[in-house]
>>> print(open('my_file.txt').read())   # compact mmCIF, C-alpha atoms
# COMPACT_ATOMS: atom_id res chain seq x y z
CA MET A 25 55.66 -18.22 12.95
CA SER A 26 52.86 -20.67 13.53
CA VAL A 27 50.96 -22.09 10.60
CA TYR A 28 48.27 -19.53 11.34
CA GLY A 29 50.60 -16.76 10.19
CA LEU A 30 50.96 -18.46 6.84
CA GLU A 31 47.24 -19.05 6.69
CA LEU A 32 46.58 -15.36 7.32
CA ALA A 33 48.69 -14.44 4.30
CA LEU A 34 46.93 -17.01 2.12
CA TYR A 35 43.55 -15.92 3.41
CA ASP A 36 44.25 -12.28 2.60
CA ILE A 37 45.56 -13.08 -0.88
CA THR A 38 42.55 -15.25 -1.70
CA THR A 39 39.83 -13.02 -0.28
CA LYS A 40 41.11 -9.43 -0.59
CA SER A 41 41.53 -8.22 -4.14
CA LEU A 42 43.95 -5.41 -3.27
CA VAL A 43 46.27 -7.82 -1.47
CA ARG A 44 45.99 -10.27 -4.36
CA LYS A 45 46.84 -7.59 -6.91
CA GLN A 46 49.85 -6.54 -4.89
CA PHE A 47 50.97 -10.15 -4.51
CA ILE A 48 50.76 -10.66 -8.27
CA ALA A 49 52.51 -7.38 -9.09
CA THR A 50 55.15 -7.25 -6.35
CA PRO A 51 55.20 -10.50 -4.39
CA ASP A 52 58.26 -9.52 -2.33
CA VAL A 53 56.47 -6.42 -1.08
CA ALA A 54 53.25 -8.29 -0.41
CA VAL A 55 54.76 -11.10 1.66
CA ALA A 56 56.98 -8.65 3.55
CA GLY A 57 53.81 -7.38 5.19
CA TYR A 58 53.44 -10.62 7.12
CA ALA A 59 55.55 -12.03 9.93
CA LEU A 60 56.90 -14.95 7.92
CA GLU A 61 60.25 -16.71 7.83
CA ALA A 62 62.21 -16.66 4.58
CA ASP A 63 61.25 -20.24 3.67
CA GLU A 64 57.61 -19.46 4.34
CA GLN A 65 57.79 -16.43 2.07
CA ALA A 66 59.38 -18.63 -0.60
CA MET A 67 56.58 -21.20 -0.38
CA LEU A 68 54.08 -18.45 -1.06
CA LYS A 69 55.97 -16.73 -3.85
CA ASP A 70 56.69 -20.08 -5.53
CA LEU A 71 53.07 -21.15 -5.13
CA ASP A 72 54.46 -24.35 -3.63
CA VAL A 73 51.12 -25.79 -2.57
CA GLY A 74 52.65 -29.18 -1.82
CA ARG A 75 54.99 -27.79 0.82
CA LEU A 76 52.28 -25.54 2.17
CA LEU A 77 50.18 -28.65 2.73
CA ASP A 78 53.15 -30.40 4.32
CA VAL A 79 53.60 -27.71 6.95
CA GLY A 80 49.92 -27.86 7.86
CA VAL A 81 48.23 -25.10 5.89
CA SER A 82 44.55 -25.85 5.35
CA PRO A 83 43.87 -27.51 1.98
CA MET A 84 40.95 -25.09 1.66
CA LEU A 85 43.51 -22.29 1.40
CA THR A 86 46.05 -24.05 -0.80
CA LEU A 87 43.31 -24.88 -3.28
CA GLY A 88 41.81 -21.41 -2.99
CA LEU A 89 45.17 -19.75 -3.57
CA TRP A 90 45.84 -21.86 -6.64
CA MET A 91 42.40 -21.20 -8.10
CA CYS A 92 42.73 -17.45 -7.51
CA LEU A 93 46.12 -17.21 -9.18
CA ARG A 94 45.97 -19.89 -11.85
CA GLY A 95 42.24 -20.08 -12.57
CA PRO A 96 39.54 -22.70 -11.99
CA GLN A 97 40.34 -24.56 -15.18
CA THR A 98 43.72 -25.66 -13.78
CA LEU A 99 42.47 -28.14 -11.19
CA LEU A 100 44.41 -31.00 -12.74
CA ASP A 101 47.62 -28.96 -12.50
CA TYR A 102 46.89 -28.37 -8.82
CA LEU A 103 46.44 -32.08 -8.22
CA GLU A 104 49.74 -32.73 -9.91
CA ALA A 105 51.40 -30.13 -7.67
CA VAL A 106 50.10 -31.70 -4.44
CA ALA A 107 50.52 -35.35 -5.47
CA GLY A 108 52.54 -37.27 -2.92
CA HIS A 109 52.34 -34.63 -0.23
CA ALA A 110 51.01 -35.27 3.23
CA GLN A 111 47.56 -34.28 4.30
CA GLY A 112 47.45 -30.87 5.90
CA ARG A 113 45.38 -29.88 8.87
CA SER A 114 41.77 -29.56 7.78
CA MET B 23 2.55 -19.90 14.83
CA ALA B 24 5.42 -20.52 12.49
CA GLU B 25 6.42 -24.07 11.66
CA ILE B 26 9.09 -26.08 9.94
CA VAL B 27 7.38 -27.70 6.97
CA GLY B 28 10.31 -29.67 5.62
CA GLY B 29 13.96 -29.82 4.90
CA PHE B 30 16.52 -30.78 2.32
CA LEU B 31 20.06 -31.97 1.99
CA VAL B 32 22.06 -30.71 -0.95
CA SER B 33 25.62 -30.77 -2.22
CA HIS B 34 27.31 -27.56 -3.31
CA ASP B 35 30.25 -28.69 -5.45
CA PRO B 36 31.44 -25.57 -7.31
CA LEU B 37 32.81 -27.73 -10.10
CA LEU B 38 29.23 -28.53 -11.05
CA PHE B 39 29.06 -24.95 -12.31
CA LEU B 40 32.65 -24.44 -13.40
CA ASN B 41 32.57 -27.82 -15.17
CA PRO B 42 36.22 -27.85 -16.31
CA ARG B 43 35.87 -31.32 -17.83
CA LYS B 44 32.76 -30.30 -19.82
CA GLU B 45 30.65 -33.22 -18.54
CA ASP B 46 26.87 -33.37 -18.83
CA ALA B 47 25.58 -31.76 -15.62
CA SER B 48 21.88 -31.98 -16.40
CA ARG B 49 21.09 -34.71 -13.88
CA PRO B 50 22.48 -33.06 -10.74
CA LEU B 51 21.14 -29.68 -11.87
CA ALA B 52 17.71 -31.30 -12.23
CA ALA B 53 17.93 -32.36 -8.59
CA TYR B 54 18.26 -28.72 -7.56
CA ALA B 55 15.24 -27.90 -9.70
CA ALA B 56 13.25 -30.71 -8.08
CA ILE B 57 14.02 -29.28 -4.67
CA ARG B 58 12.96 -25.82 -5.79
CA ALA B 59 9.64 -27.29 -6.96
CA ARG B 60 9.13 -28.98 -3.58
CA VAL B 61 9.94 -25.74 -1.75
CA VAL B 62 7.15 -24.08 -3.72
CA GLU B 63 4.76 -27.01 -3.17
CA LEU B 64 5.36 -26.80 0.57
CA GLY B 65 4.37 -23.15 0.52
CA ALA B 66 7.62 -22.13 2.16
CA THR B 67 8.10 -18.49 3.07
CA ALA B 68 11.52 -18.77 4.68
CA ALA B 69 14.56 -21.02 4.50
CA VAL B 70 17.27 -21.61 7.07
CA VAL B 71 20.26 -22.53 4.93
CA VAL B 72 23.08 -24.23 6.83
CA GLY B 73 26.47 -24.04 5.15
CA ALA B 74 30.15 -24.57 5.89
CA ASP B 75 32.82 -21.95 5.52
CA HIS B 76 35.77 -22.82 3.30
CA TYR B 77 38.14 -20.17 4.67
CA ILE B 78 36.25 -17.62 2.59
CA LEU B 79 34.03 -15.80 5.11
CA PHE B 80 36.14 -16.34 8.20
CA GLY B 81 39.92 -16.14 8.47
CA PRO B 82 42.42 -17.32 11.05
CA ASN B 83 41.70 -14.18 13.07
CA CYS B 84 38.24 -15.51 13.97
CA LEU B 85 36.81 -18.99 13.41
CA PRO B 86 33.28 -19.22 14.80
CA GLN B 87 31.68 -22.53 15.66
CA MET B 88 28.23 -21.28 14.68
CA ALA B 89 27.29 -18.05 12.94
CA ILE B 90 23.99 -16.58 11.79
CA GLY B 91 23.16 -13.68 9.50
CA ILE B 92 20.68 -11.41 11.25
CA GLY B 93 20.58 -8.55 8.75
CA ASP B 94 21.59 -8.01 5.15
CA VAL B 95 22.66 -11.03 3.11
CA GLN B 96 24.41 -11.14 -0.24
CA GLY B 97 26.41 -13.51 -2.37
CA PRO B 98 27.81 -15.87 -3.19
CA VAL B 99 31.11 -14.04 -3.02
CA ASP B 100 32.83 -16.71 -5.10
CA PRO B 101 31.60 -16.27 -8.68
CA LEU B 102 30.20 -19.37 -10.38
CA PRO B 103 28.69 -19.57 -13.87
CA GLY B 104 24.93 -19.99 -13.66
CA VAL B 105 24.74 -18.89 -10.03
CA PRO B 106 23.46 -15.30 -9.75
CA ARG B 107 25.14 -12.98 -7.25
CA GLY B 108 24.01 -9.91 -5.39
CA ALA B 109 21.45 -9.22 -2.69
CA ILE B 110 19.61 -12.16 -1.13
CA ALA B 111 16.18 -11.69 0.45
CA SER B 112 16.74 -12.21 4.17
CA HIS B 113 14.57 -12.53 7.27
CA PRO B 114 16.17 -10.50 10.08
CA ALA B 115 13.27 -11.00 12.52
CA LEU B 116 13.31 -14.78 12.27
CA ALA B 117 17.10 -14.86 12.36
CA ARG B 118 17.26 -12.73 15.48
CA HIS B 119 14.61 -14.92 17.14
CA ILE B 120 16.64 -18.06 16.36
CA LEU B 121 19.69 -16.34 17.83
CA GLU B 122 17.88 -15.25 20.99
CA VAL B 123 16.26 -18.63 21.62
CA GLY B 124 19.67 -20.20 21.12
CA GLN B 125 21.25 -17.79 23.60
CA ASP B 126 18.61 -18.73 26.18
CA GLU B 127 19.44 -22.39 25.58
CA GLY B 128 23.21 -22.00 25.83
CA PHE B 129 24.19 -21.66 22.17
CA ASP B 130 26.65 -18.79 21.78
CA TRP B 131 25.94 -17.73 18.22
CA VAL B 132 28.22 -15.37 16.37
CA ALA B 133 25.94 -12.80 14.75
CA ALA B 134 26.61 -11.04 11.45
CA GLY B 135 24.66 -7.87 10.66
CA THR B 136 25.88 -8.19 7.11
CA MET B 137 26.81 -11.56 5.70
CA ALA B 138 28.34 -12.20 2.30
CA VAL B 139 27.84 -15.94 1.86
CA ASP B 140 30.03 -18.33 -0.08
CA HIS B 141 28.89 -21.10 -2.42
CA SER B 142 27.84 -23.42 0.40
CA VAL B 143 24.90 -21.13 1.15
CA GLY B 144 24.77 -19.31 -2.17
CA VAL B 145 24.27 -22.38 -4.34
CA PRO B 146 21.24 -23.71 -2.44
CA VAL B 147 19.76 -20.21 -2.19
CA ARG B 148 20.12 -19.55 -5.90
CA ARG B 149 19.23 -23.03 -7.08
CA CYS B 150 16.73 -24.36 -4.53
CA LEU B 151 14.67 -21.28 -3.69
CA PRO B 152 12.38 -19.33 -6.04
CA GLU B 153 14.25 -16.71 -8.03
CA ASP B 154 11.76 -13.97 -7.07
CA GLY B 155 12.97 -13.82 -3.47
CA SER B 156 9.61 -14.93 -2.10
CA VAL B 157 11.36 -17.36 0.24
CA ALA B 158 13.55 -15.34 2.61
CA THR B 159 16.89 -16.77 3.71
CA VAL B 160 18.35 -17.12 7.18
CA PRO B 161 22.01 -18.05 6.59
CA VAL B 162 23.75 -20.24 9.16
CA TYR B 163 27.38 -21.33 9.18
CA LEU B 164 28.76 -24.25 11.16
CA ALA B 165 32.49 -24.91 11.40
CA ALA B 166 32.97 -28.00 9.26
CA GLY B 167 35.67 -27.03 6.79
CA VAL B 168 38.23 -25.31 9.00
CA ALA B 169 39.32 -26.56 12.42
CA PRO B 170 38.36 -26.28 15.22
CA LEU B 171 35.21 -28.02 14.06
CA ILE B 172 31.87 -27.96 15.78
CA ARG B 173 31.09 -31.34 17.34
CA PRO B 174 28.51 -33.31 15.32
CA ARG B 175 26.32 -33.77 18.36
CA ARG B 176 26.40 -30.02 18.94
CA ALA B 177 25.38 -29.40 15.33
CA TYR B 178 22.40 -31.70 15.77
CA ALA B 179 21.45 -30.04 19.06
CA LEU B 180 21.63 -26.65 17.37
CA GLY B 181 19.19 -27.91 14.74
CA CYS B 182 16.82 -28.89 17.55
CA SER B 183 17.16 -25.37 18.96
CA ILE B 184 16.35 -23.88 15.56
CA ARG B 185 13.21 -26.01 15.49
CA ARG B 186 12.12 -24.75 18.90
CA ALA B 187 12.82 -21.19 17.82
CA VAL B 188 10.71 -21.51 14.68
CA ASP B 189 7.90 -23.12 16.70
CA SER B 190 7.84 -20.11 19.04
CA PHE B 191 8.20 -17.43 16.36
CA PRO B 192 5.13 -15.18 16.35
CA GLY B 193 4.06 -15.37 12.76
CA LYS B 194 2.80 -17.74 10.13
CA GLU B 195 6.10 -18.46 8.47
CA ARG B 196 6.46 -21.81 6.75
CA VAL B 197 10.12 -22.67 7.08
CA VAL B 198 12.32 -25.17 5.30
CA VAL B 199 15.79 -26.04 6.56
CA ILE B 200 18.48 -26.87 4.03
CA GLY B 201 21.62 -28.67 5.12
CA SER B 202 24.27 -27.87 2.53
CA GLY B 203 27.17 -30.25 2.49
CA GLY B 204 28.91 -32.75 0.38
CA LEU B 205 29.05 -36.43 0.88
CA SER B 206 32.48 -37.95 0.24
CA HIS B 207 35.05 -35.54 -1.11
CA TRP B 208 38.64 -34.60 -0.47
CA VAL B 209 39.00 -30.83 -0.76
CA GLY B 210 42.42 -29.59 -1.81
CA LEU B 211 44.09 -32.86 -0.90
CA PRO B 212 45.99 -35.24 -3.17
CA GLN B 213 42.98 -37.61 -3.10
CA MET B 214 40.76 -34.86 -4.53
CA GLY B 215 38.46 -36.45 -7.10
CA ARG B 216 37.97 -39.68 -5.19
CA ILE B 217 34.32 -40.48 -4.42
CA ASN B 218 33.41 -43.25 -1.97
CA ARG B 219 29.97 -44.49 -3.02
CA GLU B 220 29.81 -46.95 -0.15
CA PHE B 221 30.36 -44.21 2.44
CA ASP B 222 27.84 -42.00 0.69
CA LYS B 223 25.23 -44.78 0.76
CA ILE B 224 25.74 -45.26 4.49
CA VAL B 225 25.12 -41.55 5.06
CA LEU B 226 22.08 -41.33 2.80
CA ASP B 227 20.58 -44.53 4.25
CA ALA B 228 20.88 -42.97 7.71
CA VAL B 229 19.23 -39.82 6.40
CA GLU B 230 16.31 -41.82 5.00
CA ARG B 231 15.87 -43.63 8.33
CA GLY B 232 16.08 -40.36 10.23
CA ASP B 233 18.96 -42.01 12.07
CA ALA B 234 21.02 -39.06 13.25
CA GLU B 235 22.55 -41.14 16.03
CA SER B 236 24.55 -43.34 13.66
CA LEU B 237 25.96 -40.27 11.92
CA MET B 238 26.89 -38.64 15.22
CA ALA B 239 28.59 -41.88 16.27
CA MET B 240 31.06 -41.63 13.37
CA SER B 241 34.40 -40.32 14.57
CA ASP B 242 36.06 -37.55 12.60
CA ASP B 243 38.98 -39.91 11.94
CA HIS B 244 36.58 -42.42 10.38
CA VAL B 245 34.96 -39.73 8.25
CA LEU B 246 38.34 -38.38 7.13
CA GLU B 247 39.50 -41.84 6.08
CA HIS B 248 36.37 -42.93 4.27
CA GLY B 249 34.69 -39.69 3.24
CA GLY B 250 37.49 -37.15 3.20
CA ASN B 251 37.73 -33.73 4.80
CA GLY B 252 34.73 -32.56 2.78
CA ALA B 253 32.49 -35.19 4.35
CA LEU B 254 33.00 -33.52 7.71
CA GLU B 255 30.08 -31.46 6.40
CA ILE B 256 27.76 -34.16 7.72
CA ARG B 257 27.46 -31.56 10.49
CA GLN B 258 25.29 -29.50 8.15
CA LEU B 259 23.13 -32.55 7.46
CA LEU B 260 22.84 -33.25 11.17
CA CYS B 261 21.73 -29.70 11.89
CA ALA B 262 18.97 -30.00 9.29
CA MET B 263 17.99 -33.40 10.68
CA GLY B 264 17.78 -31.91 14.16
CA ALA B 265 15.54 -29.17 12.86
CA THR B 266 13.17 -31.51 11.02
CA GLN B 267 13.15 -34.55 13.32
CA GLY B 268 11.83 -36.85 10.63
CA GLY B 269 13.13 -39.35 8.12
CA GLY B 270 13.70 -38.55 4.53
CA ARG B 271 13.88 -39.72 0.96
CA VAL B 272 16.76 -39.52 -1.43
CA ILE B 273 15.91 -37.40 -4.46
CA ASP B 274 19.04 -38.38 -6.33
CA TYR B 275 22.62 -39.41 -5.86
CA VAL B 276 25.18 -38.82 -8.57
CA ALA B 277 28.87 -39.66 -8.48
CA TRP B 278 29.29 -37.05 -11.18
CA PRO B 279 32.49 -37.51 -13.20
CA GLY B 280 32.87 -33.79 -13.79
CA GLY B 281 33.25 -32.96 -10.12
CA VAL B 282 34.93 -34.11 -6.98
CA THR B 283 31.99 -34.85 -4.72
CA GLY B 284 29.42 -37.54 -4.24
CA LEU B 285 26.42 -35.35 -5.07
CA GLY B 286 23.53 -36.19 -2.77
CA PHE B 287 20.09 -34.64 -2.71
CA ALA B 288 17.41 -35.60 -0.20
CA GLU B 289 14.18 -34.34 1.26
CA LEU B 290 13.57 -34.41 5.00
CA ARG B 291 10.13 -34.75 6.52
CA SER B 292 9.26 -32.53 9.43
CA ALA B 293 7.95 -34.53 12.37
CA ALA B 294 4.37 -33.81 13.39
>>> encode(input="my_file.txt", output="structure tokens")
Amino acid sequence: MSVYGLELALYDITTKSLVRKQFIATPDVAVAGYALEADEQAMLKDLDVGRLLDVGVSPMLTLGLWMCLRGPQTLLDYLEAVAGHAQGRS
Amino acid sequence: MAEIVGGFLVSHDPLLFLNPRKEDASRPLAAYAAIRARVVELGATAAVVVGADHYILFGPNCLPQMAIGIGDVQGPVDPLPGVPRGAIASHPALARHILEVGQDEGFDWVAAGTMAVDHSVGVPVRRCLPEDGSVATVPVYLAAGVAPLIRPRRAYALGCSIRRAVDSFPGKERVVVIGSGGLSHWVGLPQMGRINREFDKIVLDAVERGDAESLMAMSDDHVLEHGGNGALEIRQLLCAMGATQGGGRVIDYVAWPGGVTGLGFAELRSAA
């Protein structure tokens, strides 16, 4: 899929509480609802924000996803996770 | 007739309210309070608040270049300590007039009958306008955070259209226009936390001179390199500058260590 398919999944997880709850409870079921390749599903389930940035996902969404799942007090952990990765499409 | 009586530029860094590093935030918060006092002094009755979506309102299924709330307004949807949420007093008649004047002039607004704003509009509404709802909000979104971005020159031209719309609105509204956008900041990128004071000074100096042309002349590549993806929000500043047509004065600038943004606050004069 294009990067937009990944972005749609991230957008839904970050902005729709029901999708987010399902992703937290049963991530395999949640990501299966999107037309994603296996490696794309893995990036999401692993919360691999560095790779998500690498493939061009908006940094607005990678940051938003992290904050939704890990909490706003974990910004420094996020920065550690994206350190050394290329700039995504903004 | 209605008139634009002034404008403001504000930052909307959510970390100012989340404050994970527990830094003293009193100085930037005082800048918001100073703007609120000026809004009251100007006798404002309505505020056009120009924000940038952060992939919160609009998803990859629809990414509008320019959007306006013409009905009910609420928010911000992203909870922040110290920023009230819920219904926001809106001004459907003025919003619809801005939309219709824009349509006549070739601006294809996206209209939202209900709009749940994010922090880019919610922070200035809750911090810069009176808490009693006496200044009604017209929320405007310009694509500055998610590509495809509105062209800076188009954002400025839209501000000029908003000015013409206010001038022709049949009423006695006293309108302020708030451009809500950060100066230098790198959102979600490995450089997040970097603040480029030199870039920020160039932007604020241009604001004080009323020199929109020099801001519009900056390429996006230049802004990305020196100000980060967050500084692409100079589009919001340009829209407010187009609406006010005057120079300005910097209220405060703080490279606040608790956040990730050069926090700039300025007042814009409305041209006679």
>>> atom_distance(input="my_file.txt", atom1="atom CA of His248 of chain B", atom2="atom CA of Ala56 of chain B")
28.9 Å
>>> residues_around(input="my_file.txt", residues="Leu87 of chain A", least_positions_apart="4", cutoff="7 Å", atoms="all atoms listed in the file", output="ChimeraX atom specification")
/A:83,91 /B:210
>>> closest_residue(input="my_file.txt", among="A:Leu89, A:Leu71, A:Leu30, A:Met84", to="chain B", atoms="all atoms listed in the file")
A:Met84
>>> interface_residues(input="my_file.txt", of="chain A", to="chain B", cutoff="10 Å", atoms="only C-alpha atoms", output="PyMOL selection string")
chain A and resi 27-36+38-39+73-74+77+82-88+90+96-100+102-114
>>> atom_distance(input="my_file.txt", atom1="atom CA of Gln267 of chain B", atom2="atom CA of Cys182 of chain B")
8.0 Å
>>> residues_around(input="my_file.txt", residues="Ile48 of chain A", least_positions_apart="5", cutoff="9 Å", atoms="all atoms listed in the file", output="ChimeraX atom specification")
/A:43,54,93
>>> atom_distance(input="my_file.txt", atom1="atom CA of Ile172 of chain B", atom2="atom CA of Pro86 of chain B")
8.9 Å
>>> residues_around(input="my_file.txt", residues="Ile184 of chain B", least_positions_apart="3", cutoff="9 Å", atoms="only C-alpha atoms", output="PyMOL selection string")
chain B and resi 70+120-121+123-124+179-181+187-189+261+264-265
>>> residues_near_point(input="my_file.txt", point="(16.1, -16.3, 1.8)", cutoff="12 Å", atoms="only C-alpha atoms", output="JSON, numbers by chain")
{"B": [61, 66, 67, 68, 69, 70, 71, 72, 91, 92, 93, 94, 95, 96, 97, 109, 110, 111, 112, 113, 114, 116, 117, 139, 143, 144, 145, 146, 147, 148, 149, 150, 151, 152, 153, 154, 155, 156, 157, 158, 159, 160, 161, 162, 197, 198, 199, 200]}
>>> write_last_selection(input="my_file.txt", atoms="C-alpha atoms", output="PDB file, keeping the file's coordinate frame")
ATOM      1  CA  VAL B  61       9.940 -25.740  -1.750  1.00  0.00           C
ATOM      2  CA  ALA B  66       7.620 -22.130   2.160  1.00  0.00           C
ATOM      3  CA  THR B  67       8.100 -18.490   3.070  1.00  0.00           C
ATOM      4  CA  ALA B  68      11.520 -18.770   4.680  1.00  0.00           C
ATOM      5  CA  ALA B  69      14.560 -21.020   4.500  1.00  0.00           C
ATOM      6  CA  VAL B  70      17.270 -21.610   7.070  1.00  0.00           C
ATOM      7  CA  VAL B  71      20.260 -22.530   4.930  1.00  0.00           C
ATOM      8  CA  VAL B  72      23.080 -24.230   6.830  1.00  0.00           C
ATOM      9  CA  GLY B  91      23.160 -13.680   9.500  1.00  0.00           C
ATOM     10  CA  ILE B  92      20.680 -11.410  11.250  1.00  0.00           C
ATOM     11  CA  GLY B  93      20.580  -8.550   8.750  1.00  0.00           C
ATOM     12  CA  ASP B  94      21.590  -8.010   5.150  1.00  0.00           C
ATOM     13  CA  VAL B  95      22.660 -11.030   3.110  1.00  0.00           C
ATOM     14  CA  GLN B  96      24.410 -11.140  -0.240  1.00  0.00           C
ATOM     15  CA  GLY B  97      26.410 -13.510  -2.370  1.00  0.00           C
ATOM     16  CA  ALA B 109      21.450  -9.220  -2.690  1.00  0.00           C
ATOM     17  CA  ILE B 110      19.610 -12.160  -1.130  1.00  0.00           C
ATOM     18  CA  ALA B 111      16.180 -11.690   0.450  1.00  0.00           C
ATOM     19  CA  SER B 112      16.740 -12.210   4.170  1.00  0.00           C
ATOM     20  CA  HIS B 113      14.570 -12.530   7.270  1.00  0.00           C
ATOM     21  CA  PRO B 114      16.170 -10.500  10.080  1.00  0.00           C
ATOM     22  CA  LEU B 116      13.310 -14.780  12.270  1.00  0.00           C
ATOM     23  CA  ALA B 117      17.100 -14.860  12.360  1.00  0.00           C
ATOM     24  CA  VAL B 139      27.840 -15.940   1.860  1.00  0.00           C
ATOM     25  CA  VAL B 143      24.900 -21.130   1.150  1.00  0.00           C
ATOM     26  CA  GLY B 144      24.770 -19.310  -2.170  1.00  0.00           C
ATOM     27  CA  VAL B 145      24.270 -22.380  -4.340  1.00  0.00           C
ATOM     28  CA  PRO B 146      21.240 -23.710  -2.440  1.00  0.00           C
ATOM     29  CA  VAL B 147      19.760 -20.210  -2.190  1.00  0.00           C
ATOM     30  CA  ARG B 148      20.120 -19.550  -5.900  1.00  0.00           C
ATOM     31  CA  ARG B 149      19.230 -23.030  -7.080  1.00  0.00           C
ATOM     32  CA  CYS B 150      16.730 -24.360  -4.530  1.00  0.00           C
ATOM     33  CA  LEU B 151      14.670 -21.280  -3.690  1.00  0.00           C
ATOM     34  CA  PRO B 152      12.380 -19.330  -6.040  1.00  0.00           C
ATOM     35  CA  GLU B 153      14.250 -16.710  -8.030  1.00  0.00           C
ATOM     36  CA  ASP B 154      11.760 -13.970  -7.070  1.00  0.00           C
ATOM     37  CA  GLY B 155      12.970 -13.820  -3.470  1.00  0.00           C
ATOM     38  CA  SER B 156       9.610 -14.930  -2.100  1.00  0.00           C
ATOM     39  CA  VAL B 157      11.360 -17.360   0.240  1.00  0.00           C
ATOM     40  CA  ALA B 158      13.550 -15.340   2.610  1.00  0.00           C
ATOM     41  CA  THR B 159      16.890 -16.770   3.710  1.00  0.00           C
ATOM     42  CA  VAL B 160      18.350 -17.120   7.180  1.00  0.00           C
ATOM     43  CA  PRO B 161      22.010 -18.050   6.590  1.00  0.00           C
ATOM     44  CA  VAL B 162      23.750 -20.240   9.160  1.00  0.00           C
ATOM     45  CA  VAL B 197      10.120 -22.670   7.080  1.00  0.00           C
ATOM     46  CA  VAL B 198      12.320 -25.170   5.300  1.00  0.00           C
ATOM     47  CA  VAL B 199      15.790 -26.040   6.560  1.00  0.00           C
ATOM     48  CA  ILE B 200      18.480 -26.870   4.030  1.00  0.00           C
TER      49      ILE B 200
END
>>> closest_residue(input="my_file.txt", among="B:Val105, B:Ala253, B:Met240, B:Val229", to="Leu290 of chain B", atoms="only C-alpha atoms")
B:Val229
>>> residues_around(input="my_file.txt", residues="Arg176 of chain B", least_positions_apart="6", cutoff="12 Å", atoms="all atoms listed in the file", output="ChimeraX atom specification")
/B:87-88,128-130,164-166,182-183,234,238,257-258,260-261,264
>>> residues_around(input="my_file.txt", residues="segment 59-66 of chain A", least_positions_apart="2", cutoff="8 Å", atoms="all atoms listed in the file", output="number ranges by chain")
A: 25, 29-30, 55-57, 68-70
>>> closest_residue(input="my_file.txt", among="A:Ser26, A:Ile37, A:Gly95, A:Arg44", to="Val79 of chain A", atoms="all atoms listed in the file")
A:Ser26
>>> closest_residue(input="my_file.txt", among="B:Glu247, B:Glu63, B:Asp140, B:Asp242", to="Arg173 of chain B", atoms="only C-alpha atoms")
B:Asp242
>>> closest_residue(input="my_file.txt", among="B:Thr266, B:Phe191, B:Val276, B:Ile90", to="Asp222 of chain B", atoms="only C-alpha atoms")
B:Val276
